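What follows is one structure encoded as structure tokens, with my remarks underneath.
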Amino acid sequence: MTIKEVSEKYGVPHDTLRYYERIGLLPHVNRNKSGIRDYTEEDCKWVEFIKCMRGAGLPIEVLIEYVGLFQQGDETIEARKELFMEQRRLLLTRMEDMRKTLERLDYKIAVYEQTIVGKEKGLKRPED
């Protein structure tokens, strides 16, 4: 697949894909005879993985560390697992913080709705 096709399929801008490749987050992408990037199915799986992890808030630095460990082979399985377990703990904390924020927003919205309804009840209709 071309960079354009990958960009459209995964909703990741061209520049971002190039950046991921440049910083080593996206392992080596092959190029065709004309020098145009030629993404394989495996490359696309990496793009999908990166997009998912970034969407969950994992920092680029953590993902670079993961890719580096992955490329070192099976002797890093435990380190990769621990890296993900730590990120999971952090994500759960963020989710709890977001849940609390959502509850506060719901409360504030309810207060505003009650205020508006109260004010509207005090208004006269033009036909009255």
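Naming works like this for the structure tokens: A, B, ... for the chains as they're shown, residue 1 at the start of each chain, ligands 1 onward in shown order.
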Show me, as a list of chain:residue names, the residues that have an atom within 12 Å of stretch 82-97 of chain A when counting only C-alpha atoms, minus same-chain residues fewer than 6 positions from it. A:Met53, A:Arg54, A:Gly55, A:Ala56, A:Gly57, A:Leu58, A:Pro59, A:Glu61, A:Val62, A:Leu63, A:Ile64, A:Glu65, A:Tyr66, A:Val67, A:Leu69, A:Phe70, A:Thr76, A:Glu103, A:Arg104
Please, could you write that set of residues out with N, CA, C and O atoms as a JSON list (two decimals), in the first residue's frame?
```
[["chain", "number", "residue", "atom", "x", "y", "z"],
["A", 53, "MET", "N", -2.83, 2.57, 20.56],
["A", 53, "MET", "CA", -2.12, 2.92, 21.79],
["A", 53, "MET", "C", -2.06, 4.44, 22.00],
["A", 53, "MET", "O", -2.25, 4.92, 23.12],
["A", 54, "ARG", "N", -1.84, 5.19, 20.93],
["A", 54, "ARG", "CA", -1.83, 6.66, 21.04],
["A", 54, "ARG", "C", -3.22, 7.16, 21.42],
["A", 54, "ARG", "O", -3.36, 8.09, 22.21],
["A", 55, "GLY", "N", -4.25, 6.53, 20.84],
["A", 55, "GLY", "CA", -5.62, 6.91, 21.17],
["A", 55, "GLY", "C", -5.96, 6.69, 22.64],
["A", 55, "GLY", "O", -6.79, 7.40, 23.20],
["A", 56, "ALA", "N", -5.29, 5.72, 23.24],
["A", 56, "ALA", "CA", -5.49, 5.45, 24.67],
["A", 56, "ALA", "C", -4.60, 6.33, 25.54],
["A", 56, "ALA", "O", -4.66, 6.26, 26.76],
["A", 57, "GLY", "N", -3.77, 7.14, 24.89],
["A", 57, "GLY", "CA", -2.96, 8.09, 25.65],
["A", 57, "GLY", "C", -1.54, 7.64, 25.95],
["A", 57, "GLY", "O", -0.84, 8.32, 26.70],
["A", 58, "LEU", "N", -1.10, 6.52, 25.41],
["A", 58, "LEU", "CA", 0.27, 6.10, 25.67],
["A", 58, "LEU", "C", 1.24, 7.08, 25.01],
["A", 58, "LEU", "O", 1.07, 7.42, 23.84],
["A", 59, "PRO", "N", 2.25, 7.51, 25.73],
["A", 59, "PRO", "CA", 3.23, 8.44, 25.17],
["A", 59, "PRO", "C", 4.07, 7.79, 24.07],
["A", 59, "PRO", "O", 4.34, 6.59, 24.10],
["A", 61, "GLU", "N", 7.16, 8.06, 23.66],
["A", 61, "GLU", "CA", 8.40, 7.52, 24.23],
["A", 61, "GLU", "C", 8.21, 6.07, 24.71],
["A", 61, "GLU", "O", 9.10, 5.24, 24.55],
["A", 62, "VAL", "N", 7.06, 5.78, 25.29],
["A", 62, "VAL", "CA", 6.78, 4.43, 25.76],
["A", 62, "VAL", "C", 6.67, 3.48, 24.57],
["A", 62, "VAL", "O", 7.19, 2.36, 24.60],
["A", 63, "LEU", "N", 6.02, 3.95, 23.51],
["A", 63, "LEU", "CA", 5.88, 3.10, 22.33],
["A", 63, "LEU", "C", 7.23, 2.87, 21.64],
["A", 63, "LEU", "O", 7.49, 1.77, 21.15],
["A", 64, "ILE", "N", 8.07, 3.88, 21.63],
["A", 64, "ILE", "CA", 9.42, 3.70, 21.08],
["A", 64, "ILE", "C", 10.18, 2.66, 21.89],
["A", 64, "ILE", "O", 10.86, 1.79, 21.33],
["A", 65, "GLU", "N", 10.05, 2.75, 23.21],
["A", 65, "GLU", "CA", 10.70, 1.75, 24.07],
["A", 65, "GLU", "C", 10.17, 0.36, 23.77],
["A", 65, "GLU", "O", 10.93, -0.60, 23.67],
["A", 66, "TYR", "N", 8.85, 0.24, 23.61],
["A", 66, "TYR", "CA", 8.24, -1.05, 23.30],
["A", 66, "TYR", "C", 8.79, -1.61, 21.98],
["A", 66, "TYR", "O", 9.19, -2.77, 21.91],
["A", 67, "VAL", "N", 8.81, -0.78, 20.94],
["A", 67, "VAL", "CA", 9.30, -1.23, 19.63],
["A", 67, "VAL", "C", 10.75, -1.68, 19.75],
["A", 67, "VAL", "O", 11.14, -2.73, 19.20],
["A", 69, "LEU", "N", 12.28, -2.87, 22.39],
["A", 69, "LEU", "CA", 12.28, -4.16, 23.09],
["A", 69, "LEU", "C", 11.79, -5.27, 22.17],
["A", 69, "LEU", "O", 12.37, -6.36, 22.14],
["A", 70, "PHE", "N", 10.74, -5.00, 21.42],
["A", 70, "PHE", "CA", 10.19, -5.99, 20.50],
["A", 70, "PHE", "C", 11.25, -6.45, 19.50],
["A", 70, "PHE", "O", 11.40, -7.63, 19.22],
["A", 76, "THR", "N", 12.92, -10.21, 25.70],
["A", 76, "THR", "CA", 12.34, -8.99, 26.28],
["A", 76, "THR", "C", 10.83, -9.11, 26.54],
["A", 76, "THR", "O", 10.19, -8.11, 26.87],
["A", 103, "GLU", "N", -19.04, 12.85, 36.00],
["A", 103, "GLU", "CA", -20.07, 13.01, 37.03],
["A", 103, "GLU", "C", -20.25, 14.48, 37.39],
["A", 103, "GLU", "O", -21.38, 14.95, 37.55],
["A", 104, "ARG", "N", -19.16, 15.20, 37.53],
["A", 104, "ARG", "CA", -19.24, 16.62, 37.86],
["A", 104, "ARG", "C", -19.92, 17.41, 36.74],
["A", 104, "ARG", "O", -20.75, 18.27, 37.00]]
```
Identify all residues of stretch 4-127 of chain A in helix (DSSP H, G or I) (DSSP on the backbone) and supply them as an MDAnalysis selection string. chainID A and resid 4:10 14:22 41:55 60:72 74:121
Measure the distance from atom CA of A:Val111 to atom CA of A:Leu123 in Å and round it to one decimal.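 Distance between the two atoms: 18.9 Å.
With only C-alpha atoms as the atoms that count, the residue of A:His28, A:Lys51, A:Arg37, A:Lys108 with the shortest distance to A:Thr16 is A:Lys51.
A straight-line distance of 9.6 Å separates atom CA of A:Val6 from atom CA of A:Asp38.
The shortest atom-to-atom distance to A:Val12, with only C-alpha atoms taken into account, belongs to A:Cys44 out of A:Glu120, A:Cys44, A:Ile60, A:Arg31.
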Residues at most 12 Å from A:Met1, counting only C-alpha atoms, excluding those fewer than 3 positions away in the same chain, as a ChimeraX atom specification? /A:4-9,29-32,36-44
Write the residues you've just listed into a file as a tab-separated table (two decimals), in the first residue's frame, and include N, CA and C atoms for each of them.
```tsv
chain	number	residue	atom	x	y	z
A	4	LYS	N	-0.40	7.15	0.93
A	4	LYS	CA	-1.72	7.76	0.78
A	4	LYS	C	-2.82	6.77	1.17
A	5	GLU	N	-2.70	5.54	0.72
A	5	GLU	CA	-3.70	4.52	1.03
A	5	GLU	C	-3.73	4.21	2.53
A	6	VAL	N	-2.55	4.10	3.12
A	6	VAL	CA	-2.46	3.82	4.56
A	6	VAL	C	-3.04	5.00	5.35
A	7	SER	N	-2.71	6.20	4.93
A	7	SER	CA	-3.21	7.41	5.58
A	7	SER	C	-4.73	7.44	5.56
A	8	GLU	N	-5.32	7.14	4.42
A	8	GLU	CA	-6.77	7.16	4.30
A	8	GLU	C	-7.42	6.02	5.08
A	9	LYS	N	-6.83	4.83	5.00
A	9	LYS	CA	-7.40	3.67	5.69
A	9	LYS	C	-7.44	3.84	7.20
A	29	VAL	N	9.96	0.61	6.74
A	29	VAL	CA	8.96	0.44	5.69
A	29	VAL	C	9.71	0.31	4.37
A	30	ASN	N	9.41	-0.75	3.63
A	30	ASN	CA	10.07	-0.97	2.34
A	30	ASN	C	9.68	0.11	1.34
A	31	ARG	N	10.52	0.27	0.34
A	31	ARG	CA	10.24	1.20	-0.75
A	31	ARG	C	10.32	0.44	-2.06
A	32	ASN	N	9.51	0.89	-3.02
A	32	ASN	CA	9.56	0.24	-4.33
A	32	ASN	C	10.74	0.78	-5.14
A	36	ILE	N	9.19	4.96	-3.52
A	36	ILE	CA	7.92	5.24	-2.85
A	36	ILE	C	7.67	4.18	-1.77
A	37	ARG	N	7.24	4.64	-0.60
A	37	ARG	CA	6.97	3.70	0.49
A	37	ARG	C	5.92	2.68	0.05
A	38	ASP	N	6.19	1.43	0.41
A	38	ASP	CA	5.30	0.32	0.05
A	38	ASP	C	4.97	-0.45	1.33
A	39	TYR	N	3.88	-0.06	1.98
A	39	TYR	CA	3.49	-0.64	3.26
A	39	TYR	C	2.98	-2.06	3.07
A	40	THR	N	3.51	-2.98	3.86
A	40	THR	CA	3.06	-4.36	3.85
A	40	THR	C	1.90	-4.52	4.85
A	41	GLU	N	1.33	-5.70	4.88
A	41	GLU	CA	0.27	-5.99	5.86
A	41	GLU	C	0.82	-5.86	7.28
A	42	GLU	N	2.05	-6.30	7.49
A	42	GLU	CA	2.67	-6.18	8.81
A	42	GLU	C	2.87	-4.71	9.19
A	43	ASP	N	3.31	-3.90	8.23
A	43	ASP	CA	3.46	-2.46	8.49
A	43	ASP	C	2.12	-1.86	8.91
A	44	CYS	N	1.07	-2.27	8.23
A	44	CYS	CA	-0.27	-1.75	8.54
A	44	CYS	C	-0.72	-2.17	9.93
```
